[in-house]
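Below is my_file-v1.pdb, holding PDB, C-alpha atoms, pLDDT in the B column.
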ATOM      1  CA  MET A   1     -92.283 143.173-110.467  1.00 49.00           C
ATOM      2  CA  THR A   2     -93.289 140.201-112.511  1.00 51.00           C
ATOM      3  CA  VAL A   3     -92.151 139.259-115.953  1.00 50.00           C
ATOM      4  CA  ILE A   4     -94.330 137.356-118.373  1.00 53.00           C
ATOM      5  CA  VAL A   5     -92.451 135.026-120.659  1.00 53.00           C
ATOM      6  CA  GLU A   6     -94.443 132.798-123.040  1.00 56.00           C
ATOM      7  CA  GLY A   7     -97.544 132.988-120.952  1.00 50.00           C
ATOM      8  CA  LYS A   8     -95.957 132.099-117.629  1.00 51.00           C
ATOM      9  CA  LYS A   9     -95.364 134.359-114.748  1.00 53.00           C
ATOM     10  CA  TYR A  10     -91.886 134.481-113.255  1.00 55.00           C
ATOM     11  CA  ARG A  11     -91.076 136.359-110.189  1.00 56.00           C
ATOM     12  CA  GLU A  12     -88.068 138.449-109.983  1.00 55.00           C
ATOM     13  CA  LEU A  13     -85.056 136.362-108.958  1.00 52.00           C
ATOM     14  CA  PHE A  14     -84.206 138.139-105.707  1.00 52.00           C
ATOM     15  CA  GLN A  15     -87.634 139.078-104.497  1.00 57.00           C
ATOM     16  CA  ASP A  16     -87.627 136.612-101.531  1.00 57.00           C
ATOM     17  CA  CYS A  17     -84.147 136.877 -99.969  1.00 57.00           C
ATOM     18  CA  LYS A  18     -84.723 135.155 -96.601  1.00 60.00           C
ATOM     19  CA  ALA A  19     -83.305 131.753 -97.543  1.00 62.00           C
ATOM     20  CA  VAL A  20     -80.317 133.308 -99.302  1.00 67.00           C
ATOM     21  CA  SER A  21     -79.458 135.403 -96.232  1.00 73.00           C
ATOM     22  CA  GLU A  22     -79.529 132.355 -93.953  1.00 79.00           C
ATOM     23  CA  THR A  23     -77.319 130.353 -96.308  1.00 81.00           C
ATOM     24  CA  ILE A  24     -74.759 133.120 -96.661  1.00 85.00           C
ATOM     25  CA  GLY A  25     -74.755 133.579 -92.890  1.00 85.00           C
ATOM     26  CA  GLN A  26     -74.111 129.890 -92.292  1.00 90.00           C
ATOM     27  CA  VAL A  27     -71.296 129.802 -94.843  1.00 91.00           C
ATOM     28  CA  LEU A  28     -69.675 132.827 -93.215  1.00 92.00           C
ATOM     29  CA  MET A  29     -69.970 131.297 -89.735  1.00 94.00           C
ATOM     30  CA  VAL A  30     -68.366 128.031 -90.920  1.00 94.00           C
ATOM     31  CA  ALA A  31     -65.544 130.019 -92.560  1.00 95.00           C
ATOM     32  CA  VAL A  32     -64.916 131.979 -89.355  1.00 95.00           C
ATOM     33  CA  VAL A  33     -64.819 128.791 -87.250  1.00 95.00           C
ATOM     34  CA  VAL A  34     -62.480 127.012 -89.703  1.00 95.00           C
ATOM     35  CA  LEU A  35     -60.123 129.994 -89.773  1.00 95.00           C
ATOM     36  CA  ALA A  36     -60.119 130.267 -85.971  1.00 95.00           C
ATOM     37  CA  PHE A  37     -59.373 126.577 -85.430  1.00 94.00           C
ATOM     38  CA  SER A  38     -56.739 126.490 -88.158  1.00 93.00           C
ATOM     39  CA  SER A  39     -54.904 129.487 -86.707  1.00 91.00           C
ATOM     40  CA  ILE A  40     -54.974 127.895 -83.248  1.00 91.00           C
ATOM     41  CA  ALA A  41     -53.708 124.575 -84.689  1.00 89.00           C
ATOM     42  CA  VAL A  42     -50.872 126.311 -86.531  1.00 87.00           C
ATOM     43  CA  THR A  43     -49.839 128.105 -83.352  1.00 82.00           C
ATOM     44  CA  VAL A  44     -49.972 124.985 -81.186  1.00 81.00           C
ATOM     45  CA  PHE A  45     -48.382 122.478 -83.550  1.00 81.00           C
ATOM     46  CA  SER A  46     -45.713 124.633 -85.144  1.00 78.00           C
ATOM     47  CA  ASP A  47     -42.230 124.576 -83.671  1.00 72.00           C
ATOM     48  CA  GLY A  48     -41.016 127.641 -85.472  1.00 69.00           C
ATOM     49  CA  GLY A  49     -38.408 129.303 -83.345  1.00 66.00           C
ATOM     50  CA  ALA A  50     -38.721 126.790 -80.526  1.00 67.00           C
ATOM     51  CA  VAL A  51     -35.391 126.274 -78.826  1.00 72.00           C
ATOM     52  CA  LYS A  52     -34.418 122.701 -78.107  1.00 77.00           C
ATOM     53  CA  PRO A  53     -33.025 122.331 -74.619  1.00 78.00           C
ATOM     54  CA  PRO A  54     -29.509 120.939 -74.445  1.00 80.00           C
ATOM     55  CA  HIS A  55     -29.127 117.236 -73.819  1.00 84.00           C
ATOM     56  CA  ILE A  56     -28.547 116.338 -70.163  1.00 87.00           C
ATOM     57  CA  PRO A  57     -26.585 113.108 -69.870  1.00 90.00           C
ATOM     58  CA  ARG A  58     -27.974 110.412 -67.603  1.00 91.00           C
ATOM     59  CA  THR A  59     -25.036 108.996 -65.704  1.00 91.00           C
ATOM     60  CA  ASP A  60     -24.580 106.961 -62.534  1.00 93.00           C
ATOM     61  CA  LEU A  61     -21.682 108.158 -60.408  1.00 93.00           C
ATOM     62  CA  GLN A  62     -20.137 106.988 -57.163  1.00 93.00           C
ATOM     63  CA  GLN A  63     -17.828 109.150 -55.103  1.00 92.00           C
ATOM     64  CA  SER A  64     -15.438 108.404 -52.280  1.00 92.00           C
ATOM     65  CA  ILE A  65     -13.252 110.546 -50.068  1.00 91.00           C
ATOM     66  CA  ASP A  66      -9.811 109.974 -48.565  1.00 91.00           C
ATOM     67  CA  ARG A  67      -9.541 112.585 -45.818  1.00 88.00           C
ATOM     68  CA  SER A  68      -5.926 111.776 -44.900  1.00 89.00           C
ATOM     69  CA  GLY A  69      -4.805 111.963 -48.535  1.00 88.00           C
ATOM     70  CA  GLU A  70      -7.066 114.990 -49.150  1.00 90.00           C
ATOM     71  CA  THR A  71      -8.506 113.426 -52.309  1.00 92.00           C
ATOM     72  CA  VAL A  72     -11.970 112.872 -53.722  1.00 94.00           C
ATOM     73  CA  GLN A  73     -12.525 110.159 -56.315  1.00 94.00           C
ATOM     74  CA  ILE A  74     -15.505 109.935 -58.669  1.00 94.00           C
ATOM     75  CA  PHE A  75     -16.311 106.681 -60.489  1.00 94.00           C
ATOM     76  CA  HIS A  76     -18.444 106.383 -63.622  1.00 94.00           C
ATOM     77  CA  SER A  77     -20.595 103.347 -62.810  1.00 93.00           C
ATOM     78  CA  GLY A  78     -23.082 103.453 -65.693  1.00 92.00           C
ATOM     79  CA  GLY A  79     -25.031 105.570 -68.115  1.00 91.00           C
ATOM     80  CA  GLU A  80     -23.933 107.887 -70.884  1.00 92.00           C
ATOM     81  CA  ALA A  81     -20.412 109.070 -71.626  1.00 91.00           C
ATOM     82  CA  ILE A  82     -19.638 112.756 -70.989  1.00 92.00           C
ATOM     83  CA  ASP A  83     -17.018 114.962 -72.632  1.00 92.00           C
ATOM     84  CA  LEU A  84     -14.407 115.964 -70.058  1.00 90.00           C
ATOM     85  CA  GLU A  85     -14.558 119.596 -71.163  1.00 92.00           C
ATOM     86  CA  ASP A  86     -18.238 119.639 -70.107  1.00 92.00           C
ATOM     87  CA  ILE A  87     -17.546 118.560 -66.514  1.00 93.00           C
ATOM     88  CA  LYS A  88     -17.180 120.804 -63.483  1.00 94.00           C
ATOM     89  CA  ILE A  89     -16.986 119.451 -59.936  1.00 94.00           C
ATOM     90  CA  ILE A  90     -17.868 121.672 -57.001  1.00 94.00           C
ATOM     91  CA  LEU A  91     -16.908 120.818 -53.421  1.00 93.00           C
ATOM     92  CA  SER A  92     -18.415 122.843 -50.595  1.00 93.00           C
ATOM     93  CA  VAL A  93     -16.982 122.337 -47.108  1.00 90.00           C
ATOM     94  CA  ASN A  94     -18.801 124.166 -44.301  1.00 87.00           C
ATOM     95  CA  GLY A  95     -19.809 126.958 -46.694  1.00 86.00           C
ATOM     96  CA  THR A  96     -16.398 127.319 -48.407  1.00 90.00           C
ATOM     97  CA  GLN A  97     -16.610 126.380 -52.058  1.00 92.00           C
ATOM     98  CA  ALA A  98     -14.029 125.207 -54.612  1.00 92.00           C
ATOM     99  CA  GLU A  99     -14.601 124.453 -58.294  1.00 93.00           C
ATOM    100  CA  PHE A 100     -12.540 121.947 -60.262  1.00 93.00           C
ATOM    101  CA  ASN A 101     -12.452 121.679 -64.043  1.00 91.00           C
ATOM    102  CA  MET A 102     -10.871 118.747 -65.836  1.00 88.00           C
ATOM    103  CA  SER A 103      -8.035 120.990 -67.066  1.00 88.00           C
ATOM    104  CA  ASP A 104      -6.922 121.839 -63.499  1.00 90.00           C
ATOM    105  CA  PRO A 105      -3.550 120.354 -62.483  1.00 91.00           C
ATOM    106  CA  SER A 106      -5.127 119.008 -59.265  1.00 91.00           C
ATOM    107  CA  VAL A 107      -7.466 116.774 -61.303  1.00 92.00           C
ATOM    108  CA  THR A 108      -6.289 113.426 -62.697  1.00 92.00           C
ATOM    109  CA  PHE A 109      -8.344 111.311 -65.073  1.00 91.00           C
ATOM    110  CA  TYR A 110      -8.025 107.496 -65.087  1.00 92.00           C
ATOM    111  CA  ASP A 111      -9.416 105.018 -67.605  1.00 89.00           C
ATOM    112  CA  ALA A 112     -11.127 101.727 -66.714  1.00 87.00           C
ATOM    113  CA  LYS A 113      -7.735  99.970 -66.390  1.00 88.00           C
ATOM    114  CA  GLY A 114      -6.602 102.479 -63.759  1.00 86.00           C
ATOM    115  CA  GLU A 115      -4.065 104.152 -66.022  1.00 88.00           C
ATOM    116  CA  THR A 116      -3.925 107.897 -66.579  1.00 87.00           C
ATOM    117  CA  SER A 117      -5.759 108.645 -69.760  1.00 79.00           C
ATOM    118  CA  SER A 118      -5.626 111.348 -72.381  1.00 77.00           C
ATOM    119  CA  ASP A 119      -9.052 110.356 -73.698  1.00 82.00           C
ATOM    120  CA  ASP A 120     -11.481 113.280 -73.728  1.00 88.00           C
ATOM    121  CA  VAL A 121     -14.534 111.261 -72.662  1.00 92.00           C
ATOM    122  CA  PHE A 122     -15.635 110.183 -69.171  1.00 92.00           C
ATOM    123  CA  MET A 123     -17.286 106.786 -69.661  1.00 91.00           C
ATOM    124  CA  LEU A 124     -18.110 103.541 -67.884  1.00 92.00           C
ATOM    125  CA  GLY A 125     -15.301 102.382 -65.603  1.00 92.00           C
ATOM    126  CA  ASP A 126     -13.359 105.664 -65.712  1.00 93.00           C
ATOM    127  CA  SER A 127     -12.554 107.681 -62.621  1.00 93.00           C
ATOM    128  CA  ILE A 128     -11.563 111.215 -61.694  1.00 94.00           C
ATOM    129  CA  LEU A 129      -9.235 111.919 -58.776  1.00 94.00           C
ATOM    130  CA  ILE A 130      -9.223 115.413 -57.255  1.00 94.00           C
ATOM    131  CA  ASN A 131      -6.388 116.442 -54.957  1.00 93.00           C
ATOM    132  CA  THR A 132      -7.783 119.200 -52.733  1.00 91.00           C
ATOM    133  CA  ARG A 133      -4.415 120.227 -51.220  1.00 90.00           C
ATOM    134  CA  GLY A 134      -3.813 123.875 -51.908  1.00 86.00           C
ATOM    135  CA  SER A 135      -7.470 124.548 -52.755  1.00 88.00           C
ATOM    136  CA  ALA A 136      -9.927 126.703 -50.811  1.00 89.00           C
ATOM    137  CA  VAL A 137     -11.525 123.667 -49.114  1.00 90.00           C
ATOM    138  CA  ASN A 138     -10.161 121.565 -46.264  1.00 88.00           C
ATOM    139  CA  ILE A 139     -11.590 118.028 -46.294  1.00 89.00           C
ATOM    140  CA  THR A 140      -9.389 116.637 -43.463  1.00 88.00           C
ATOM    141  CA  ASP A 141     -11.791 117.629 -40.666  1.00 85.00           C
ATOM    142  CA  GLU A 142     -13.853 114.540 -39.695  1.00 86.00           C
ATOM    143  CA  ASN A 143     -16.796 116.720 -38.600  1.00 87.00           C
ATOM    144  CA  ALA A 144     -16.896 118.784 -41.796  1.00 86.00           C
ATOM    145  CA  ILE A 145     -19.987 118.594 -43.971  1.00 88.00           C
ATOM    146  CA  ILE A 146     -18.795 118.182 -47.555  1.00 90.00           C
ATOM    147  CA  ASP A 147     -21.298 118.801 -50.355  1.00 92.00           C
ATOM    148  CA  PHE A 148     -20.415 117.387 -53.756  1.00 93.00           C
ATOM    149  CA  TYR A 149     -21.836 118.641 -57.079  1.00 95.00           C
ATOM    150  CA  PHE A 150     -21.080 117.087 -60.469  1.00 95.00           C
ATOM    151  CA  VAL A 151     -22.143 119.694 -63.033  1.00 94.00           C
ATOM    152  CA  HIS A 152     -22.647 119.295 -66.785  1.00 93.00           C
ATOM    153  CA  THR A 153     -21.511 122.721 -68.022  1.00 92.00           C
ATOM    154  CA  GLU A 154     -23.047 122.503 -71.500  1.00 90.00           C
ATOM    155  CA  SER A 155     -26.562 122.257 -70.057  1.00 89.00           C
ATOM    156  CA  ASN A 156     -25.788 123.976 -66.714  1.00 90.00           C
ATOM    157  CA  GLN A 157     -27.422 121.073 -64.893  1.00 91.00           C
ATOM    158  CA  VAL A 158     -26.283 119.214 -61.789  1.00 92.00           C
ATOM    159  CA  ILE A 159     -25.972 115.544 -62.707  1.00 92.00           C
ATOM    160  CA  LYS A 160     -25.111 114.323 -59.221  1.00 92.00           C
ATOM    161  CA  LYS A 161     -25.403 115.945 -55.818  1.00 93.00           C
ATOM    162  CA  GLY A 162     -24.234 114.241 -52.681  1.00 90.00           C
ATOM    163  CA  ILE A 163     -22.801 114.601 -49.220  1.00 88.00           C
ATOM    164  CA  LEU A 164     -19.398 113.010 -48.639  1.00 82.00           C
TER     165      LEU A 164
END

Full structure transcribed into structure tokens:
Amino acid sequence: MTVIVEGKKYRELFQDCKAVSETIGQVLMVAVVVLAFSSIAVTVFSDGGAVKPPHIPRTDLQQSIDRSGETVQIFHSGGEAIDLEDIKIILSVNGTQAEFNMSDPSVTFYDAKGETSSDDVFMLGDSILINTRGSAVNITDENAIIDFYFVHTESNQVIKKGIL
């Protein structure tokens, strides 16, 4: 259908729709791609509900054993301080295991000066002395294989593992 206005012929506005269809198609494709990438970016970069793992202290420890005195001593020789309530020491002798918490009467805590301490933090220069008499493990046997585990209970991670 053609319309004549002041002597000129005008075609109907939507008679040739090919170019309009291509343009609308391209706009829709760009919108779909932008929505897809934005939803992927939101998923990847959002931390909503992500659980932060507990901090694991980095600490250097040295341990020694006195078989005749039935004691194990652990020295803090560097690194971060650790709350005493977050420490558990496990000794395993030939498959028999004993756990020691810092509140046990067989465990004594010494500060850097070598004096018993009531401080609640295990830090540089401090030491822990464990008397194994009366526990499930016997460390007096010279041929015994003694495994030592220093565990950070808050994160449930072994900070130090060794053989005494």

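Every protein, DNA or RNA residue with an atom at most 12 Å from Val151 in chain A, where all atoms listed in the file count and chain neighbours fewer than 6 positions away do not, is listed here: A:Ile56, A:Pro57, A:Arg58, A:Thr59, A:Leu61, A:Ile82, A:Asp83, A:Leu84, A:Glu85, A:Asp86, A:Ile87, A:Lys88, A:Ile89, A:Ile90, A:Leu91, A:Glu99, A:Phe100, A:Asn101, A:Met102, A:Gln157, A:Val158, A:Ile159, A:Lys160, A:Lys161, A:Gly162.
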
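If you apply the PyMOL selection byres ((chain A and resi 137) around 10) to this structure, you end up with Glu70, Leu91, Ser92, Val93, Asn94, Gly95, Thr96, Gln97, Ala98, Glu99, Thr132, Arg133, Gly134, Ser135, Ala136, Asn138, Ile139, Thr140 and Ile146 of chain A.
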
For the residues selected in the previous step, produce a file with C-alpha atoms as a PDB file, keeping the file's coordinate frame.
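Full text of result_2.pdb as output:
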ATOM      1  CA  GLU A  70      -7.066 114.990 -49.150  1.00 90.00           C
ATOM      2  CA  LEU A  91     -16.908 120.818 -53.421  1.00 93.00           C
ATOM      3  CA  SER A  92     -18.415 122.843 -50.595  1.00 93.00           C
ATOM      4  CA  VAL A  93     -16.982 122.337 -47.108  1.00 90.00           C
ATOM      5  CA  ASN A  94     -18.801 124.166 -44.301  1.00 87.00           C
ATOM      6  CA  GLY A  95     -19.809 126.958 -46.694  1.00 86.00           C
ATOM      7  CA  THR A  96     -16.398 127.319 -48.407  1.00 90.00           C
ATOM      8  CA  GLN A  97     -16.610 126.380 -52.058  1.00 92.00           C
ATOM      9  CA  ALA A  98     -14.029 125.207 -54.612  1.00 92.00           C
ATOM     10  CA  GLU A  99     -14.601 124.453 -58.294  1.00 93.00           C
ATOM     11  CA  THR A 132      -7.783 119.200 -52.733  1.00 91.00           C
ATOM     12  CA  ARG A 133      -4.415 120.227 -51.220  1.00 90.00           C
ATOM     13  CA  GLY A 134      -3.813 123.875 -51.908  1.00 86.00           C
ATOM     14  CA  SER A 135      -7.470 124.548 -52.755  1.00 88.00           C
ATOM     15  CA  ALA A 136      -9.927 126.703 -50.811  1.00 89.00           C
ATOM     16  CA  ASN A 138     -10.161 121.565 -46.264  1.00 88.00           C
ATOM     17  CA  ILE A 139     -11.590 118.028 -46.294  1.00 89.00           C
ATOM     18  CA  THR A 140      -9.389 116.637 -43.463  1.00 88.00           C
ATOM     19  CA  ILE A 146     -18.795 118.182 -47.555  1.00 90.00           C
TER      20      ILE A 146
END

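Separating CA of Thr116 in chain A from CA of Thr153 in chain A is a distance of 23.0 Å.
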
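In this model, the gap between CA of Glu115 in chain A and CA of Ser127 in chain A comes to 9.8 Å.
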
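Residues captured in this structure file are A:Gln62, A:Gln63, A:Arg67, A:Ser68, A:Gly69, A:Glu70, A:Thr71, A:Val72, A:Gln73, A:Ile74, A:Phe75, A:Leu129, A:Ile130, A:Asn131, A:Ile139, A:Thr140, A:Ile146, A:Leu164, according to the PyMOL selection byres ((chain A and resi 64-66) around 10).
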
Using C-alpha atoms, can you write the selected residues to a file as a PDB file, in the coordinates of the input?
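Result file again20.pdb:
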ATOM      1  CA  GLN A  62     -20.137 106.988 -57.163  1.00 93.00           C
ATOM      2  CA  GLN A  63     -17.828 109.150 -55.103  1.00 92.00           C
ATOM      3  CA  ARG A  67      -9.541 112.585 -45.818  1.00 88.00           C
ATOM      4  CA  SER A  68      -5.926 111.776 -44.900  1.00 89.00           C
ATOM      5  CA  GLY A  69      -4.805 111.963 -48.535  1.00 88.00           C
ATOM      6  CA  GLU A  70      -7.066 114.990 -49.150  1.00 90.00           C
ATOM      7  CA  THR A  71      -8.506 113.426 -52.309  1.00 92.00           C
ATOM      8  CA  VAL A  72     -11.970 112.872 -53.722  1.00 94.00           C
ATOM      9  CA  GLN A  73     -12.525 110.159 -56.315  1.00 94.00           C
ATOM     10  CA  ILE A  74     -15.505 109.935 -58.669  1.00 94.00           C
ATOM     11  CA  PHE A  75     -16.311 106.681 -60.489  1.00 94.00           C
ATOM     12  CA  LEU A 129      -9.235 111.919 -58.776  1.00 94.00           C
ATOM     13  CA  ILE A 130      -9.223 115.413 -57.255  1.00 94.00           C
ATOM     14  CA  ASN A 131      -6.388 116.442 -54.957  1.00 93.00           C
ATOM     15  CA  ILE A 139     -11.590 118.028 -46.294  1.00 89.00           C
ATOM     16  CA  THR A 140      -9.389 116.637 -43.463  1.00 88.00           C
ATOM     17  CA  ILE A 146     -18.795 118.182 -47.555  1.00 90.00           C
ATOM     18  CA  LEU A 164     -19.398 113.010 -48.639  1.00 82.00           C
TER      19      LEU A 164
END

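Pairwise distance (CA of Met123 in chain A, CA of Pro54 in chain A) equals 19.3 Å.
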
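Shortest separation to Tyr149 in chain A among A:Phe122, A:Ile163, A:Val27, A:Val107 occurs at residue A:Ile163, atoms counted being all atoms listed in the file.
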
task = Would you list the residues near (-16.0, 107.3, -66.3), meaning any protein, DNA or RNA residue with an atom at most 8 Å from that point in file coordinates, counting all atoms listed in the file, as a ChimeraX atom specification?
result = /A:75-77,81,111-112,121-128

Kindly complete range 150-161 of chain A to all heavy atoms; the output should be written as a compact mmCIF listing (two decimals), in the coordinates of the input.
# COMPACT_ATOMS: atom_id res chain seq x y z
N PHE A 150 -21.66 117.44 -59.17
CA PHE A 150 -21.08 117.09 -60.47
C PHE A 150 -21.93 117.79 -61.51
O PHE A 150 -23.10 117.46 -61.70
CB PHE A 150 -21.12 115.57 -60.66
CG PHE A 150 -20.34 115.06 -61.83
CD1 PHE A 150 -19.03 114.66 -61.67
CD2 PHE A 150 -20.91 114.98 -63.09
CE1 PHE A 150 -18.30 114.17 -62.75
CE2 PHE A 150 -20.20 114.51 -64.16
CZ PHE A 150 -18.88 114.10 -64.00
N VAL A 151 -21.37 118.80 -62.17
CA VAL A 151 -22.14 119.69 -63.03
C VAL A 151 -21.79 119.45 -64.50
O VAL A 151 -20.61 119.35 -64.86
CB VAL A 151 -21.86 121.17 -62.67
CG1 VAL A 151 -22.66 122.11 -63.57
CG2 VAL A 151 -22.17 121.43 -61.21
N HIS A 152 -22.82 119.36 -65.33
CA HIS A 152 -22.65 119.30 -66.78
C HIS A 152 -22.72 120.73 -67.29
O HIS A 152 -23.79 121.36 -67.26
CB HIS A 152 -23.75 118.43 -67.41
CG HIS A 152 -23.59 118.22 -68.87
ND1 HIS A 152 -24.48 118.72 -69.79
CD2 HIS A 152 -22.63 117.57 -69.58
CE1 HIS A 152 -24.09 118.38 -71.00
NE2 HIS A 152 -22.97 117.68 -70.89
N THR A 153 -21.58 121.29 -67.71
CA THR A 153 -21.51 122.72 -68.02
C THR A 153 -22.25 123.09 -69.30
O THR A 153 -22.72 124.22 -69.43
CB THR A 153 -20.05 123.18 -68.13
OG1 THR A 153 -19.37 122.39 -69.11
CG2 THR A 153 -19.34 123.06 -66.80
N GLU A 154 -22.36 122.17 -70.25
CA GLU A 154 -23.05 122.50 -71.50
C GLU A 154 -24.52 122.81 -71.26
O GLU A 154 -25.09 123.72 -71.85
CB GLU A 154 -22.91 121.36 -72.50
CG GLU A 154 -23.52 121.66 -73.84
CD GLU A 154 -23.36 120.51 -74.83
OE1 GLU A 154 -22.51 119.65 -74.61
OE2 GLU A 154 -24.09 120.51 -75.82
N SER A 155 -25.15 122.05 -70.35
CA SER A 155 -26.56 122.26 -70.06
C SER A 155 -26.78 123.03 -68.76
O SER A 155 -27.93 123.34 -68.42
CB SER A 155 -27.27 120.91 -69.96
OG SER A 155 -26.76 120.15 -68.89
N ASN A 156 -25.70 123.31 -68.02
CA ASN A 156 -25.79 123.98 -66.71
C ASN A 156 -26.70 123.22 -65.74
O ASN A 156 -27.48 123.84 -65.00
CB ASN A 156 -26.25 125.43 -66.85
CG ASN A 156 -25.15 126.32 -67.36
OD1 ASN A 156 -23.99 126.05 -67.16
ND2 ASN A 156 -25.53 127.38 -68.05
N GLN A 157 -26.61 121.91 -65.76
CA GLN A 157 -27.42 121.07 -64.89
C GLN A 157 -26.54 120.25 -63.97
O GLN A 157 -25.48 119.76 -64.38
CB GLN A 157 -28.30 120.12 -65.71
CG GLN A 157 -29.33 120.83 -66.57
CD GLN A 157 -30.39 121.50 -65.74
OE1 GLN A 157 -30.86 120.96 -64.76
NE2 GLN A 157 -30.77 122.71 -66.12
N VAL A 158 -26.98 120.07 -62.74
CA VAL A 158 -26.28 119.21 -61.79
C VAL A 158 -26.69 117.77 -62.09
O VAL A 158 -27.86 117.43 -62.04
CB VAL A 158 -26.62 119.57 -60.33
CG1 VAL A 158 -25.99 118.60 -59.37
CG2 VAL A 158 -26.18 121.00 -60.02
N ILE A 159 -25.71 116.95 -62.42
CA ILE A 159 -25.97 115.54 -62.71
C ILE A 159 -26.03 114.73 -61.42
O ILE A 159 -26.84 113.84 -61.27
CB ILE A 159 -24.91 114.98 -63.68
CG1 ILE A 159 -25.04 115.68 -65.02
CG2 ILE A 159 -25.06 113.48 -63.84
CD1 ILE A 159 -23.99 115.27 -66.01
N LYS A 160 -25.16 115.06 -60.49
CA LYS A 160 -25.11 114.32 -59.22
C LYS A 160 -24.85 115.30 -58.09
O LYS A 160 -23.98 116.17 -58.19
CB LYS A 160 -24.01 113.27 -59.28
CG LYS A 160 -23.74 112.53 -58.02
CD LYS A 160 -24.69 111.39 -57.82
CE LYS A 160 -24.27 110.61 -56.59
NZ LYS A 160 -24.84 109.32 -56.52
N LYS A 161 -25.61 115.16 -57.03
CA LYS A 161 -25.40 115.94 -55.82
C LYS A 161 -25.33 114.96 -54.67
O LYS A 161 -26.12 114.02 -54.60
CB LYS A 161 -26.56 116.92 -55.60
CG LYS A 161 -26.44 117.71 -54.33
CD LYS A 161 -27.66 118.57 -54.10
CE LYS A 161 -27.52 119.26 -52.76
NZ LYS A 161 -28.71 119.96 -52.37
